[in-house]
$ cat input20.cif   # mmCIF, C-alpha atoms and all ligand atoms
data_data
#
loop_
_atom_site.group_PDB
_atom_site.id
_atom_site.type_symbol
_atom_site.label_atom_id
_atom_site.label_comp_id
_atom_site.auth_asym_id
_atom_site.auth_seq_id
_atom_site.Cartn_x
_atom_site.Cartn_y
_atom_site.Cartn_z
ATOM 1 C CA MET D 1 -36.470 21.936 18.977
ATOM 2 C CA PRO D 2 -38.705 20.775 16.071
ATOM 3 C CA LYS D 3 -36.868 18.974 13.306
ATOM 4 C CA VAL D 4 -37.225 19.647 9.604
ATOM 5 C CA ALA D 5 -37.042 17.157 6.735
ATOM 6 C CA ILE D 6 -34.276 17.862 4.251
ATOM 7 C CA THR D 7 -32.681 16.024 1.362
ATOM 8 C CA LEU D 8 -28.913 15.966 1.203
ATOM 9 C CA ARG D 9 -27.130 14.928 -1.968
ATOM 10 C CA VAL D 10 -23.837 13.491 -0.762
ATOM 11 C CA ASN D 11 -21.351 11.929 -3.165
ATOM 12 C CA GLY D 12 -24.173 11.550 -5.675
ATOM 13 C CA ASP D 13 -26.549 9.743 -3.298
ATOM 14 C CA LEU D 14 -29.744 11.289 -1.959
ATOM 15 C CA HIS D 15 -30.431 11.074 1.779
ATOM 16 C CA GLU D 16 -33.665 12.139 3.459
ATOM 17 C CA VAL D 17 -32.907 13.249 6.997
ATOM 18 C CA MET D 18 -34.739 14.924 9.845
ATOM 19 C CA VAL D 19 -32.544 17.577 11.420
ATOM 20 C CA ALA D 20 -32.854 20.298 14.001
ATOM 21 C CA PRO D 21 -32.278 23.628 12.216
ATOM 22 C CA HIS D 22 -29.185 24.445 14.293
ATOM 23 C CA ARG D 23 -27.315 21.246 13.416
ATOM 24 C CA THR D 24 -24.216 21.692 11.334
ATOM 25 C CA LEU D 25 -23.294 19.755 8.228
ATOM 26 C CA ASP D 26 -20.313 18.001 9.856
ATOM 27 C CA GLU D 27 -22.585 16.656 12.603
ATOM 28 C CA VAL D 28 -25.185 15.380 10.178
ATOM 29 C CA LEU D 29 -22.609 13.806 7.859
ATOM 30 C CA ARG D 30 -20.931 11.993 10.731
ATOM 31 C CA ASP D 31 -23.782 11.250 13.135
ATOM 32 C CA GLU D 32 -26.723 10.693 10.789
ATOM 33 C CA LEU D 33 -25.056 9.406 7.626
ATOM 34 C CA GLY D 34 -22.051 7.647 9.169
ATOM 35 C CA LEU D 35 -19.598 9.487 6.917
ATOM 36 C CA ILE D 36 -16.862 9.823 9.503
ATOM 37 C CA GLY D 37 -14.135 10.617 6.970
ATOM 38 C CA THR D 38 -14.993 14.276 7.559
ATOM 39 C CA LYS D 39 -12.967 15.181 10.648
ATOM 40 C CA VAL D 40 -13.852 17.704 13.304
ATOM 41 C CA GLY D 41 -11.202 19.781 15.032
ATOM 42 C CA CYS D 42 -11.798 23.334 16.207
ATOM 43 C CA ARG D 43 -15.464 23.810 15.253
ATOM 44 C CA THR D 44 -14.686 27.501 14.806
ATOM 45 C CA GLY D 45 -13.616 27.552 11.150
ATOM 46 C CA ASP D 46 -9.904 27.729 11.892
ATOM 47 C CA CYS D 47 -8.415 24.270 11.237
ATOM 48 C CA GLY D 48 -9.950 23.061 7.959
ATOM 49 C CA ALA D 49 -10.245 19.451 9.172
ATOM 50 C CA CYS D 50 -13.970 19.451 8.365
ATOM 51 C CA THR D 51 -13.587 20.747 4.787
ATOM 52 C CA VAL D 52 -16.034 19.350 2.245
ATOM 53 C CA LEU D 53 -16.999 20.594 -1.209
ATOM 54 C CA LEU D 54 -20.387 22.249 -1.497
ATOM 55 C CA ASP D 55 -21.368 22.842 -5.122
ATOM 56 C CA GLY D 56 -17.673 22.412 -5.909
ATOM 57 C CA LYS D 57 -16.456 24.996 -3.409
ATOM 58 C CA ALA D 58 -14.407 24.119 -0.316
ATOM 59 C CA VAL D 59 -16.322 25.015 2.859
ATOM 60 C CA SER D 60 -15.941 24.364 6.562
ATOM 61 C CA SER D 61 -18.754 21.943 7.286
ATOM 62 C CA CYS D 62 -18.605 22.924 10.983
ATOM 63 C CA LEU D 63 -19.752 26.420 10.002
ATOM 64 C CA THR D 64 -22.383 25.280 7.503
ATOM 65 C CA LEU D 65 -25.879 24.457 8.681
ATOM 66 C CA ALA D 66 -27.181 21.190 7.303
ATOM 67 C CA VAL D 67 -30.329 22.997 6.145
ATOM 68 C CA GLU D 68 -28.164 25.366 4.067
ATOM 69 C CA ALA D 69 -26.697 22.373 2.254
ATOM 70 C CA ALA D 70 -30.082 20.869 1.367
ATOM 71 C CA GLY D 71 -30.486 20.238 -2.340
ATOM 72 C CA ARG D 72 -26.882 21.138 -3.094
ATOM 73 C CA GLU D 73 -24.035 18.909 -4.262
ATOM 74 C CA ILE D 74 -21.881 17.747 -1.331
ATOM 75 C CA LEU D 75 -18.604 15.916 -1.851
ATOM 76 C CA THR D 76 -16.867 14.271 1.103
ATOM 77 C CA ILE D 77 -13.653 12.285 1.149
ATOM 78 C CA GLU D 78 -15.684 9.075 0.839
ATOM 79 C CA GLY D 79 -16.895 10.203 -2.589
ATOM 80 C CA LEU D 80 -13.548 11.184 -4.036
ATOM 81 C CA ALA D 81 -12.733 7.753 -5.466
ATOM 82 C CA PRO D 82 -16.148 6.301 -6.321
ATOM 83 C CA GLY D 83 -16.594 2.633 -5.499
ATOM 84 C CA GLY D 84 -13.705 2.801 -3.091
ATOM 85 C CA GLU D 85 -11.698 0.507 -5.360
ATOM 86 C CA GLU D 86 -9.035 2.887 -6.503
ATOM 87 C CA LEU D 87 -7.433 5.835 -4.848
ATOM 88 C CA HIS D 88 -7.975 9.260 -6.338
ATOM 89 C CA PRO D 89 -4.695 10.628 -7.798
ATOM 90 C CA LEU D 90 -4.487 13.088 -4.899
ATOM 91 C CA GLN D 91 -4.875 10.290 -2.345
ATOM 92 C CA ARG D 92 -2.201 8.234 -4.114
ATOM 93 C CA ALA D 93 0.151 11.222 -4.243
ATOM 94 C CA PHE D 94 -0.326 11.874 -0.518
ATOM 95 C CA VAL D 95 0.620 8.274 0.256
ATOM 96 C CA GLU D 96 3.592 8.258 -2.129
ATOM 97 C CA HIS D 97 4.997 11.540 -0.771
ATOM 98 C CA GLY D 98 4.594 10.725 2.917
ATOM 99 C CA ALA D 99 2.018 13.509 3.267
ATOM 100 C CA VAL D 100 -0.140 11.438 5.621
ATOM 101 C CA GLN D 101 1.047 11.006 9.187
ATOM 102 C CA CYS D 102 -1.700 10.899 11.824
ATOM 103 C CA GLY D 103 -4.144 11.554 8.969
ATOM 104 C CA TYR D 104 -6.454 13.831 10.901
ATOM 105 C CA CYS D 105 -6.024 16.773 8.541
ATOM 106 C CA THR D 106 -5.840 14.626 5.420
ATOM 107 C CA PRO D 107 -9.487 14.526 4.243
ATOM 108 C CA GLY D 108 -9.769 18.297 4.550
ATOM 109 C CA MET D 109 -6.390 18.864 2.891
ATOM 110 C CA ILE D 110 -7.279 16.613 -0.012
ATOM 111 C CA LEU D 111 -10.657 18.250 -0.577
ATOM 112 C CA ALA D 112 -9.083 21.714 -0.414
ATOM 113 C CA ALA D 113 -6.531 20.492 -2.966
ATOM 114 C CA ARG D 114 -9.271 19.067 -5.156
ATOM 115 C CA HIS D 115 -11.013 22.449 -5.114
ATOM 116 C CA LEU D 116 -7.755 24.141 -6.120
ATOM 117 C CA LEU D 117 -7.010 21.688 -8.946
ATOM 118 C CA ASP D 118 -10.572 21.973 -10.274
ATOM 119 C CA LYS D 119 -10.050 25.730 -10.608
ATOM 120 C CA ASN D 120 -6.390 25.586 -11.603
ATOM 121 C CA PRO D 121 -5.045 22.174 -12.711
ATOM 122 C CA THR D 122 -1.425 23.363 -12.743
ATOM 123 C CA PRO D 123 -0.848 25.540 -9.652
ATOM 124 C CA THR D 124 2.585 26.684 -8.554
ATOM 125 C CA HIS D 125 3.980 25.799 -5.110
ATOM 126 C CA GLU D 126 3.031 29.285 -3.971
ATOM 127 C CA GLU D 127 -0.534 28.877 -5.211
ATOM 128 C CA ILE D 128 -0.773 25.501 -3.468
ATOM 129 C CA ARG D 129 0.443 26.983 -0.181
ATOM 130 C CA ARG D 130 -2.056 29.821 -0.470
ATOM 131 C CA ALA D 131 -4.924 27.414 -1.213
ATOM 132 C CA LEU D 132 -4.064 25.356 1.869
ATOM 133 C CA SER D 133 -3.722 28.341 4.173
ATOM 134 C CA GLY D 134 -7.014 27.490 5.882
ATOM 135 C CA ASN D 135 -5.997 23.893 6.616
ATOM 136 C CA LEU D 136 -3.772 23.135 9.589
ATOM 137 C CA CYS D 137 -1.479 20.123 9.966
ATOM 138 C CA ARG D 138 0.376 19.469 13.195
ATOM 139 C CA CYS D 139 2.465 16.569 11.859
ATOM 140 C CA THR D 140 4.006 17.030 8.449
ATOM 141 C CA GLY D 141 5.400 20.557 8.348
ATOM 142 C CA TYR D 142 3.345 20.979 5.141
ATOM 143 C CA ALA D 143 6.250 20.441 2.702
ATOM 144 C CA LYS D 144 5.252 16.866 1.883
ATOM 145 C CA ILE D 145 1.636 17.874 1.407
ATOM 146 C CA VAL D 146 2.656 20.635 -0.992
ATOM 147 C CA ASP D 147 4.964 18.190 -2.818
ATOM 148 C CA ALA D 148 2.131 15.679 -3.192
ATOM 149 C CA ILE D 149 -0.214 18.238 -4.719
ATOM 150 C CA ALA D 150 2.580 19.621 -6.902
ATOM 151 C CA ALA D 151 3.166 16.098 -8.229
ATOM 152 C CA VAL D 152 -0.466 15.869 -9.340
ATOM 153 C CA ALA D 153 -0.185 19.331 -10.891
ATOM 154 C CA GLU D 154 2.953 18.177 -12.726
ATOM 155 C CA LYS D 155 1.074 15.185 -14.167
ATOM 156 C CA ASN D 156 -1.707 17.540 -15.243
ATOM 157 C CA ARG D 157 0.905 19.689 -16.970
ATOM 158 C CA SER D 158 2.303 16.833 -19.038
HETATM 159 S S1 LIG D 201 -13.551 21.758 12.602
HETATM 160 FE FE1 LIG D 201 -14.289 23.026 11.051
HETATM 161 S S2 LIG D 201 -12.665 24.399 10.614
HETATM 162 FE FE2 LIG D 201 -11.967 23.231 12.330
HETATM 163 S S1 LIG D 202 -1.028 14.411 9.257
HETATM 164 FE FE1 LIG D 202 -1.468 14.739 11.380
HETATM 165 S S2 LIG D 202 -2.466 16.679 11.403
HETATM 166 FE FE2 LIG D 202 -1.783 16.467 9.378
#
$ encode --input "input20.cif" --output "structure tokens" --more "lines below"
Ligand code: FES
Ligand code: FES
Amino acid sequence: MPKVAITLRVNGDLHEVMVAPHRTLDEVLRDELGLIGTKVGCRTGDCGACTVLLDGKAVSSCLTLAVEAAGREILTIEGLAPGGEELHPLQRAFVEHGAVQCGYCTPGMILAARHLLDKNPTPTHEEIRRALSGNLCRCTGYAKIVDAIAAVAEKNRS
């Protein structure tokens, strides 16, 4: 299939890539740009592992064509704490609350949480649970993840 040239803006950096029109954003992020922090689970939009922010909105990158993302603002887990020197408050909270076990769901969870906190800096536990309803975790039982996000919300409150 003929490829098309697109420009992806990922974590503030511009990347010119040649992609087949059917290739999804998760594939291009991982295979072409080497950004393997975005995880791939179901590839059917059910697990949330591949969540990235597209123009600030949480999307399943496995259901998003790379060509649809051209020219838009993409944030992956690698861009959350620029420079990689310091953890983002959400990343720190996940570590401190034991919300990371195997870690497979973690990038998607954290980006879904970032989307929530951008819209609502002080969500309730119920609002956090609702915002994470599209992200599956097979390890933690969710309580520690909710606690971690609630801790960031609590800091935002004070
Ligand atoms: S891999 Fe995209 S939602 Fe599961
Ligand atoms: S920490 Fe293992 S799937 Fe969530």
$ axis_aligned_box --input "input20.cif" --around "ligand LIG 201 (chain D)" --padding-each-side "8 Å" --output "AutoDock Vina command-line options"
--center_x -13.1 --center_y 23.1 --center_z 11.6 --size_x 18.3 --size_y 18.6 --size_z 18.0
$ resolve_selection --input "input20.cif" --expression "the PyMOL selection byres (((chain D and resi 44-58) around 8) and not hetatm)" --output "ChimeraX atom specification"
/D:26,38-43,59-63,69,72-77,104-109,111-112,115,134-136
$ write_last_selection --input "input20.cif" --atoms "C-alpha atoms" --output "mmCIF file, keeping the file's coordinate frame"
data_model
loop_
_atom_site.group_PDB
_atom_site.id
_atom_site.type_symbol
_atom_site.label_atom_id
_atom_site.label_comp_id
_atom_site.auth_asym_id
_atom_site.auth_seq_id
_atom_site.Cartn_x
_atom_site.Cartn_y
_atom_site.Cartn_z
ATOM 1 C CA ASP D 26 -20.313 18.001 9.856
ATOM 2 C CA THR D 38 -14.993 14.276 7.559
ATOM 3 C CA LYS D 39 -12.967 15.181 10.648
ATOM 4 C CA VAL D 40 -13.852 17.704 13.304
ATOM 5 C CA GLY D 41 -11.202 19.781 15.032
ATOM 6 C CA CYS D 42 -11.798 23.334 16.207
ATOM 7 C CA ARG D 43 -15.464 23.810 15.253
ATOM 8 C CA VAL D 59 -16.322 25.015 2.859
ATOM 9 C CA SER D 60 -15.941 24.364 6.562
ATOM 10 C CA SER D 61 -18.754 21.943 7.286
ATOM 11 C CA CYS D 62 -18.605 22.924 10.983
ATOM 12 C CA LEU D 63 -19.752 26.420 10.002
ATOM 13 C CA ALA D 69 -26.697 22.373 2.254
ATOM 14 C CA ARG D 72 -26.882 21.138 -3.094
ATOM 15 C CA GLU D 73 -24.035 18.909 -4.262
ATOM 16 C CA ILE D 74 -21.881 17.747 -1.331
ATOM 17 C CA LEU D 75 -18.604 15.916 -1.851
ATOM 18 C CA THR D 76 -16.867 14.271 1.103
ATOM 19 C CA ILE D 77 -13.653 12.285 1.149
ATOM 20 C CA TYR D 104 -6.454 13.831 10.901
ATOM 21 C CA CYS D 105 -6.024 16.773 8.541
ATOM 22 C CA THR D 106 -5.840 14.626 5.420
ATOM 23 C CA PRO D 107 -9.487 14.526 4.243
ATOM 24 C CA GLY D 108 -9.769 18.297 4.550
ATOM 25 C CA MET D 109 -6.390 18.864 2.891
ATOM 26 C CA LEU D 111 -10.657 18.250 -0.577
ATOM 27 C CA ALA D 112 -9.083 21.714 -0.414
ATOM 28 C CA HIS D 115 -11.013 22.449 -5.114
ATOM 29 C CA GLY D 134 -7.014 27.490 5.882
ATOM 30 C CA ASN D 135 -5.997 23.893 6.616
ATOM 31 C CA LEU D 136 -3.772 23.135 9.589
#
$ resolve_selection --input "input20.cif" --expression "the PyMOL selection byres (((chain D and resi 6) around 7) and not hetatm)" --output "ChimeraX atom specification"
/D:4-5,7-8,16-18,67,70
$ closest_residue --input "input20.cif" --among "D:Gly98, D:Gly12, D:Pro21, D:Pro2" --to "ligand LIG 202 (chain D)" --atoms "all atoms listed in the file"
D:Gly98
$ closest_atom_pairs --input "input20.cif" --of "chain D" --to "ligand LIG 202 (chain D)" --cutoff "6 Å" --atoms "only C-alpha atoms and all ligand atoms" --output "tab-separated table"
residue	atom	partner	partner_atom	distance
D:Val100	CA	D:LIG202	S1	4.8
D:Gln101	CA	D:LIG202	S1	4.0
D:Cys102	CA	D:LIG202	FE1	3.9
D:Gly103	CA	D:LIG202	S1	4.2
D:Tyr104	CA	D:LIG202	S2	4.9
D:Cys105	CA	D:LIG202	FE2	4.3
D:Thr106	CA	D:LIG202	FE2	6.0
D:Cys137	CA	D:LIG202	FE2	3.7
D:Arg138	CA	D:LIG202	S2	4.4
D:Cys139	CA	D:LIG202	FE1	4.4
D:Thr140	CA	D:LIG202	S1	5.7
$ resolve_selection --input "input20.cif" --expression "the PyMOL selection byres (((chain D and resi 149-157) around 7) and not hetatm)" --output "list in words"
Pro89, Leu90, Ala93, Ala113, Pro121, Thr122, Pro123, His125, Ile145, Val146, Asp147, Ala148 and Ser158 of chain D
$ atom_distance --input "input20.cif" --atom1 "CA of Glu27 (chain D)" --atom2 "CA of Glu68 (chain D)"
13.4 Å
$ atom_distance --input "input20.cif" --atom1 "CA of Gln91 (chain D)" --atom2 "CA of Asp13 (chain D)"
21.7 Å
